[in-house]
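The file upload_29.txt contains compact mmCIF, C-alpha atoms:
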```
# COMPACT_ATOMS: atom_id res chain seq x y z
CA MET A 1 -3.93 9.01 -1.58
CA LYS A 2 -2.67 11.83 0.57
CA ILE A 3 0.18 11.56 3.08
CA LEU A 4 1.05 14.20 5.67
CA PHE A 5 4.54 14.38 7.18
CA LEU A 6 4.80 15.96 10.62
CA CYS A 7 7.66 17.14 12.79
CA THR A 8 7.78 19.86 15.45
CA GLY A 9 8.37 23.16 13.66
CA ASN A 10 7.91 22.15 9.99
CA THR A 11 11.19 23.81 8.97
CA CYS A 12 13.66 20.88 8.86
CA ARG A 13 12.60 17.24 8.87
CA SER A 14 9.05 17.29 7.55
CA PRO A 15 9.70 19.66 4.61
CA MET A 16 12.67 17.50 3.61
CA ALA A 17 10.48 14.39 3.90
CA GLU A 18 7.70 15.99 1.85
CA ALA A 19 10.10 16.95 -0.93
CA ILE A 20 11.84 13.56 -0.96
CA MET A 21 8.51 11.73 -1.08
CA LYS A 22 7.33 13.84 -4.02
CA SER A 23 10.59 13.21 -5.86
CA GLU A 24 10.53 9.45 -5.28
CA CYS A 25 6.86 9.12 -6.23
CA GLU A 26 7.53 10.99 -9.47
CA LYS A 27 10.43 8.67 -10.28
CA GLN A 28 8.36 5.56 -9.58
CA GLY A 29 5.12 6.82 -11.09
CA LEU A 30 3.24 6.44 -7.83
CA PRO A 31 0.06 8.56 -7.44
CA LEU A 32 0.68 9.58 -3.83
CA GLU A 33 0.33 13.20 -2.69
CA ALA A 34 2.67 14.49 0.02
CA SER A 35 2.39 17.54 2.27
CA SER A 36 3.86 18.54 5.62
CA CYS A 37 3.14 20.51 8.77
CA GLY A 38 4.39 20.90 12.32
CA ILE A 39 2.75 19.93 15.58
CA ALA A 40 4.08 23.13 17.20
CA ALA A 41 4.79 25.18 14.07
CA PHE A 42 4.33 28.88 13.44
CA GLY A 43 2.74 29.61 10.10
CA GLY A 44 4.84 31.09 7.29
CA ASP A 45 8.42 30.28 8.35
CA THR A 46 10.87 29.25 5.63
CA ALA A 47 12.75 25.97 5.74
CA SER A 48 16.03 26.24 7.63
CA GLU A 49 19.06 27.32 5.61
CA ASN A 50 20.84 24.04 6.19
CA ALA A 51 17.80 22.02 5.14
CA ILE A 52 17.59 24.06 1.92
CA ALA A 53 21.31 23.57 1.31
CA VAL A 54 21.44 19.80 1.78
CA MET A 55 18.32 19.26 -0.33
CA ALA A 56 19.85 21.39 -3.09
CA GLU A 57 22.77 18.94 -3.09
CA LYS A 58 20.24 16.33 -4.25
CA GLY A 59 18.79 18.63 -6.89
CA ILE A 60 15.63 19.39 -4.88
CA ASP A 61 14.61 22.99 -4.17
CA ILE A 62 12.65 23.59 -0.95
CA SER A 63 13.36 27.32 -0.73
CA SER A 64 9.70 28.15 -1.38
CA HIS A 65 8.49 26.03 1.55
CA ARG A 66 6.46 27.83 4.22
CA SER A 67 5.64 26.20 7.54
CA ARG A 68 2.12 25.55 8.76
CA PRO A 69 0.74 24.19 12.04
CA PHE A 70 -1.25 20.99 12.35
CA SER A 71 -5.01 21.58 12.35
CA LEU A 72 -7.87 19.24 13.15
CA TYR A 73 -9.29 19.46 9.63
CA MET A 74 -6.17 17.60 8.45
CA ALA A 75 -7.34 14.49 10.31
CA GLU A 76 -10.04 14.06 7.65
CA GLU A 77 -8.11 15.44 4.68
CA TYR A 78 -5.20 12.96 4.76
CA ASP A 79 -5.12 9.18 4.50
CA ARG A 80 -1.83 8.59 6.28
CA PHE A 81 0.27 10.48 8.81
CA VAL A 82 4.05 10.01 8.98
CA VAL A 83 5.79 11.46 12.03
CA MET A 84 9.44 11.72 13.01
CA THR A 85 9.39 10.44 16.60
CA GLU A 86 7.28 8.50 19.08
CA SER A 87 6.53 11.75 20.93
CA HIS A 88 5.02 13.19 17.74
CA LYS A 89 2.94 10.03 17.42
CA SER A 90 1.70 10.33 21.01
CA ALA A 91 0.66 13.93 20.42
CA LEU A 92 -1.14 13.07 17.20
CA MET A 93 -2.99 10.12 18.74
CA GLN A 94 -5.19 12.59 20.63
CA PHE A 95 -6.89 13.27 17.29
CA ILE A 96 -6.06 10.36 14.97
CA ALA A 97 -6.30 6.58 15.33
CA GLU A 98 -2.95 4.91 15.94
CA GLU A 99 -3.25 2.63 12.90
CA ARG A 100 -3.16 5.68 10.61
CA ILE A 101 0.19 6.90 11.99
CA THR A 102 3.70 5.72 11.08
CA VAL A 103 6.98 6.75 12.71
CA LEU A 104 9.44 7.29 9.86
CA GLY A 105 12.37 4.88 9.99
CA GLY A 106 11.73 4.11 13.64
CA SER A 107 12.69 7.68 14.63
CA VAL A 108 14.42 10.67 13.01
CA ALA A 109 16.24 13.04 15.38
CA ASP A 110 15.92 16.81 15.00
CA PRO A 111 19.01 18.35 13.32
CA TYR A 112 18.02 21.86 14.44
CA GLY A 113 21.11 23.81 15.50
CA GLY A 114 23.45 21.29 13.87
CA ASP A 115 25.93 21.84 11.06
CA LEU A 116 25.59 20.73 7.44
CA ASP A 117 26.86 17.25 8.25
CA ALA A 118 24.07 16.84 10.82
CA TYR A 119 21.51 17.89 8.23
CA ARG A 120 23.00 15.59 5.60
CA ALA A 121 22.75 12.67 8.02
CA CYS A 122 19.13 13.59 8.75
CA ARG A 123 18.33 13.93 5.03
CA ASP A 124 19.87 10.55 4.25
CA GLU A 125 17.99 8.92 7.13
CA ILE A 126 14.75 10.36 5.75
CA TYR A 127 15.62 8.99 2.29
CA GLU A 128 16.05 5.50 3.71
CA GLY A 129 12.81 5.78 5.68
CA ILE A 130 10.86 6.83 2.61
CA LYS A 131 12.34 4.04 0.49
CA GLU A 132 11.01 1.65 3.11
CA LEU A 133 7.63 3.40 3.11
CA LEU A 134 7.32 2.98 -0.65
CA LYS A 135 7.94 -0.76 -0.62
CA VAL A 136 4.96 -2.99 -1.30
CA LYS A 137 4.15 -4.85 1.91
CA ILE A 138 1.69 -7.70 2.35
CA PHE A 139 -0.36 -8.13 5.53
CA PRO A 140 -3.18 -10.45 6.64
CA MET A 141 -6.46 -8.58 6.27
CA ASN A 142 -8.04 -7.35 9.50
CA GLU A 143 -11.26 -5.54 10.36
CA ASP A 144 -9.67 -2.12 9.83
CA ASP A 145 -9.00 -3.07 6.20
CA VAL A 146 -12.57 -3.98 5.26
CA PHE A 147 -13.64 -0.53 4.05
CA SER A 148 -10.51 -0.09 1.90
CA VAL A 149 -10.91 -3.55 0.38
CA ALA A 150 -14.57 -2.80 -0.40
CA GLU A 151 -13.46 0.39 -2.19
CA ILE A 152 -11.07 -1.66 -4.33
CA GLU A 153 -13.87 -4.11 -5.11
CA GLU A 154 -16.12 -1.22 -6.23
CA GLU A 155 -13.38 0.14 -8.47
CA CYS A 156 -12.30 -3.13 -10.05
CA PHE A 157 -15.38 -5.34 -10.44
CA SER A 158 -18.82 -5.00 -12.01
CA GLU A 159 -20.30 -7.16 -9.24
CA PRO A 160 -18.28 -6.20 -6.17
CA TRP A 161 -18.41 -7.91 -2.81
CA SER A 162 -20.15 -5.92 -0.10
CA GLU A 163 -18.43 -4.77 3.08
CA ASP A 164 -20.44 -7.34 5.01
CA GLY A 165 -19.37 -10.08 2.61
CA ILE A 166 -15.72 -9.12 2.96
CA LYS A 167 -15.98 -8.84 6.74
CA SER A 168 -17.53 -12.29 6.99
CA GLU A 169 -14.37 -13.79 5.50
CA LEU A 170 -12.49 -12.78 8.65
CA HIS A 171 -14.50 -15.47 10.46
CA ASN A 172 -14.26 -18.09 7.72
CA GLU A 173 -11.75 -20.75 8.79
CA ALA A 174 -11.06 -21.66 5.16
CA ALA A 175 -10.35 -18.06 4.10
CA ARG A 176 -6.95 -16.40 3.81
CA PHE A 177 -7.22 -12.74 2.85
CA TYR A 178 -4.27 -10.38 2.45
CA THR A 179 -3.82 -6.69 1.70
CA ALA A 180 -1.01 -4.97 -0.20
CA LYS A 181 0.02 -1.61 1.22
CA ILE A 182 2.32 1.23 0.22
CA SER A 183 3.06 3.85 2.87
CA GLY A 184 0.37 2.24 4.99
CA CYS A 185 -2.31 2.78 2.32
CA THR A 186 -4.17 -0.25 0.94
CA VAL A 187 -3.57 -0.47 -2.81
CA GLY A 188 -4.55 -4.08 -3.49
CA TYR A 189 -5.82 -7.27 -1.93
CA MET A 190 -6.14 -10.99 -2.48
CA GLY A 191 -8.54 -13.54 -1.03
CA MET A 192 -8.32 -17.32 -1.22
CA HIS A 193 -9.85 -20.39 0.32
CA ILE A 194 -8.07 -23.57 1.38
CA VAL A 195 -9.98 -26.83 1.62
CA LEU A 196 -7.97 -29.94 2.48
CA ASP A 197 -4.99 -29.78 0.09
CA GLU A 198 -6.65 -27.49 -2.47
CA CYS A 199 -6.28 -23.71 -2.72
CA TYR A 200 -8.60 -21.46 -4.72
CA ILE A 201 -8.05 -17.74 -5.24
CA ALA A 202 -11.40 -15.97 -5.03
CA ASN A 203 -10.26 -12.45 -5.94
CA ILE A 204 -7.10 -10.53 -6.61
CA ALA A 205 -7.36 -6.81 -7.32
CA VAL A 206 -5.14 -3.74 -7.47
CA LYS A 207 -6.26 -0.13 -7.59
CA THR A 208 -6.08 1.12 -11.17
CA ALA A 209 -3.54 3.87 -10.44
CA PHE A 210 -1.15 1.35 -8.83
CA ARG A 211 -1.11 -1.32 -11.52
CA ARG A 212 2.12 -2.45 -13.22
CA LYS A 213 4.04 -1.79 -10.00
CA GLY A 214 4.56 -5.46 -9.05
CA ILE A 215 1.67 -5.46 -6.56
CA ALA A 216 -0.36 -8.29 -8.11
CA GLN A 217 2.83 -10.33 -8.39
CA ALA A 218 3.59 -9.76 -4.69
CA LEU A 219 0.07 -10.85 -3.74
CA LEU A 220 0.35 -13.97 -5.89
CA ALA A 221 3.70 -14.83 -4.34
CA CYS A 222 2.11 -14.50 -0.89
CA ALA A 223 -0.77 -16.76 -1.94
CA GLU A 224 1.56 -19.41 -3.31
CA GLU A 225 3.82 -19.36 -0.25
CA THR A 226 0.80 -19.66 2.05
CA ALA A 227 -0.57 -22.57 0.01
CA LYS A 228 2.79 -24.37 0.16
CA ILE A 229 3.11 -23.87 3.91
CA GLU A 230 -0.39 -25.29 4.40
CA GLY A 231 0.42 -28.35 2.30
CA CYS A 232 -1.69 -27.62 -0.77
CA ALA A 233 -1.12 -29.65 -3.92
CA PHE A 234 -2.17 -26.82 -6.23
CA ILE A 235 -3.51 -23.28 -6.39
CA SER A 236 -6.23 -22.38 -8.88
CA LEU A 237 -8.17 -19.33 -10.06
CA GLU A 238 -10.52 -18.00 -12.74
CA VAL A 239 -9.81 -15.05 -15.02
CA ARG A 240 -11.82 -13.43 -17.80
CA VAL A 241 -10.69 -14.84 -21.15
CA SER A 242 -10.24 -11.27 -22.40
CA ASN A 243 -7.96 -10.21 -19.51
CA THR A 244 -4.71 -10.70 -21.41
CA PRO A 245 -2.42 -8.83 -18.97
CA ALA A 246 -3.60 -10.97 -16.04
CA ILE A 247 -3.32 -14.19 -18.04
CA ARG A 248 0.26 -13.31 -19.01
CA LEU A 249 1.12 -12.63 -15.38
CA TYR A 250 -0.30 -16.00 -14.29
CA GLU A 251 1.53 -17.82 -17.10
CA LYS A 252 4.76 -16.10 -16.09
CA ARG A 253 4.32 -17.51 -12.57
CA GLY A 254 3.75 -21.03 -13.84
CA TYR A 255 -0.06 -21.25 -14.07
CA ILE A 256 -1.43 -23.34 -16.92
CA SER A 257 -4.86 -23.40 -18.56
CA GLN A 258 -7.20 -26.14 -17.30
CA GLY A 259 -10.26 -25.30 -19.39
CA GLU A 260 -13.05 -22.73 -19.32
CA ARG A 261 -16.23 -22.03 -17.37
CA LYS A 262 -18.99 -20.91 -19.74
CA ASN A 263 -20.61 -17.54 -18.92
CA PHE A 264 -18.92 -17.48 -15.52
CA TYR A 265 -18.86 -13.67 -15.48
CA ARG A 266 -21.69 -11.19 -15.86
CA ASN A 267 -21.81 -7.47 -16.68
CA PRO A 268 -20.53 -8.22 -19.28
CA ALA A 269 -21.13 -11.93 -19.74
CA GLU A 270 -17.91 -13.78 -20.50
CA ASN A 271 -16.24 -17.14 -20.10
CA ALA A 272 -13.65 -17.70 -17.42
CA LEU A 273 -10.31 -19.34 -18.08
CA ILE A 274 -9.36 -21.77 -15.30
CA MET A 275 -5.66 -21.49 -14.49
CA THR A 276 -3.80 -23.74 -12.08
CA LYS A 277 -0.30 -23.91 -10.64
CA PHE A 278 0.71 -27.29 -9.27
CA LEU A 279 2.76 -27.08 -6.11
CA SER A 280 3.79 -30.72 -6.04
CA GLU A 281 5.00 -33.11 -8.70
CA GLU A 282 1.70 -35.04 -8.72
CA LYS A 283 -1.01 -33.47 -10.88
```
For the file at hand, write its structure as structure tokens.
Amino acid sequence: MKILFLCTGNTCRSPMAEAIMKSECEKQGLPLEASSCGIAAFGGDTASENAIAVMAEKGIDISSHRSRPFSLYMAEEYDRFVVMTESHKSALMQFIAEERITVLGGSVADPYGGDLDAYRACRDEIYEGIKELLKVKIFPMNEDDVFSVAEIEEECFSEPWSEDGIKSELHNEAARFYTAKISGCTVGYMGMHIVLDECYIANIAVKTAFRRKGIAQALLACAEETAKIEGCAFISLEVRVSNTPAIRLYEKRGYISQGERKNFYRNPAENALIMTKFLSEEK
């Protein structure tokens, strides 16, 4: 997944943001690519001296950075666009849908012309904004998410749901579908159905490159909280008997085995283990 940071001249804020994002993704093992440009940049300018200096204080070298202007081809090349101010967002919305744009930290003021303290404050504000960007966030699925969820289905399952099948769940009164996002990019999803006081998880999937990052756990926590709020007595799911990592995760969250479904899965054929978590004292 590719993220583009944008400011005005691509010599202060966006190169710092690009470098910080790369550093944080490396630390966390996140497969996100970061680049930067400027909405009104001249090509080939170096980062400002103060930006280079305050990044060096954090052990990050941006002295080789060269500015580049925003170009229309970037609208197709990048998955997510992170801007510094609402005015940058307004300018970018002429070419890119609003839902693909995020304003970093609410807004990051331009330190241009300021002293080192001004640049340090800007750098630290960018750090906080990027930490927030990299948090796993859970949202109800909407129509804009359908394509991304279908891609995850294709990657994770031998018999994936179609886009039409996923989209139809948006109009199913019993369905509760959620997406997990990092930096605005969909990295996992979970779908469940609630009938009376019973909750059944239909699917839970995380993109391969983002596994073991707590995403499945966050989705499960969301499912369980939703089921409790809606008065469910239990939440249940099926898992391949060979999927040891998933089974361990479910057991860790209090799910217990309730038997097997013979040949429940195909391609390859395999039994499903039924696992249930009781949300009330009555079983």
**Prompt:** With distances taken over only C-alpha atoms, which of A:Gly105, A:Pro268, A:Pro15, A:Pro31 is nearest to Thr85 (chain A)?
**Reply:**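 The closest residue to Thr85 (chain A) is A:Gly105.
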Taking all atoms listed in the file into account, name the residue in A:Leu32, A:Asn271, A:Glu198, A:Thr208 that is nearest to Ile235 (chain A).
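When distances to Ile235 (chain A) are compared using all atoms listed in the file, the smallest one comes from A:Glu198.
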Q) How far is it from CA of Arg176 (chain A) to CA of Met192 (chain A), in Å with one decimal? A)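 That distance, rounded to one decimal, is 5.3 Å.
Proximity to Asp110 (chain A) was assessed for A:Ser14, A:Asn243, A:Ser280, A:Ser236 counting all atoms listed in the file; the smallest distance is recorded for A:Ser14.
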- Query: Do you have the CA of Thr46 (chain A)-CA of Thr11 (chain A) distance handy?
  - Reply: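 Between these atoms lies a distance of 6.4 Å.
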note - CA of Asn50 (chain A) and CA of Tyr119 (chain A) are separated by 6.5 Å
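Excluding Gly184 (chain A) itself and same-chain residues fewer than 6 positions from it, the residues having an atom within 8 Å of it are Arg80, Arg100, Thr102 and Leu133 of chain A, counting only C-alpha atoms.
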The residue from A:Glu26, A:Asp164, A:Glu159, A:Asp117 with the smallest atom-to-atom distance to Arg266 (chain A), counting all atoms listed in the file, is A:Glu159
Closest of A:Asn172, A:Glu128, A:Gly214, A:Met16 to Ile52 (chain A), counting all atoms listed in the file, is A:Met16
Go ahead and find all residues with at least one atom no further than 8 Å from (15.5, 16.7, 6.0) in the file's coordinates, using all atoms listed in the file; report them as an mmCIF file with C-alpha atoms, in the frame of the given file.
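out.cif, written as the output of this step:
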```cif
data_model
loop_
_atom_site.group_PDB
_atom_site.id
_atom_site.type_symbol
_atom_site.label_atom_id
_atom_site.label_comp_id
_atom_site.auth_asym_id
_atom_site.auth_seq_id
_atom_site.Cartn_x
_atom_site.Cartn_y
_atom_site.Cartn_z
ATOM 1 C CA CYS A 12 13.660 20.880 8.860
ATOM 2 C CA ARG A 13 12.600 17.240 8.870
ATOM 3 C CA SER A 14 9.050 17.290 7.550
ATOM 4 C CA PRO A 15 9.700 19.660 4.610
ATOM 5 C CA MET A 16 12.670 17.500 3.610
ATOM 6 C CA ALA A 17 10.480 14.390 3.900
ATOM 7 C CA ALA A 51 17.800 22.020 5.140
ATOM 8 C CA VAL A 54 21.440 19.800 1.780
ATOM 9 C CA MET A 55 18.320 19.260 -0.330
ATOM 10 C CA TYR A 119 21.510 17.890 8.230
ATOM 11 C CA ARG A 120 23.000 15.590 5.600
ATOM 12 C CA CYS A 122 19.130 13.590 8.750
ATOM 13 C CA ARG A 123 18.330 13.930 5.030
ATOM 14 C CA ASP A 124 19.870 10.550 4.250
ATOM 15 C CA ILE A 126 14.750 10.360 5.750
#
```
- Residues within 10 Å of Glu77 (chain A), all atoms listed in the file, excluding chain neighbours under 4 positions, as a count of residues only: 6
Item to complete: Identify, on the basis of only C-alpha atoms, every residue whose closest approach to Phe210 (chain A) does not exceed 9 Å; exclude the query and any residue fewer than 5 positions from it along the same chain; express the result as a PyMOL selection string.
Response: chain A and resi 29-31+187-188+215
TODO: Could you give me, as a PyMOL selection string, the residues within 8 Å of Ile182 (chain A), counting all atoms listed in the file and dropping anything in the same chain fewer than 6 positions from it?
DONE: chain A and resi 133-137
task: Can you work out which one of A:Gly165, A:Ser183, A:Val103, A:His88 has the shortest atom-to-atom distance to Met21 (chain A), counting only C-alpha atoms?
output: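 So, comparing all the options, the nearest one is A:Ser183.
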**Residue contacts of Phe5 (chain A) (8 Å, all atoms listed in the file) excluding same-chain residues fewer than 3 positions away, as a ChimeraX atom specification** = /A:14-15,17-18,34-37,81-83
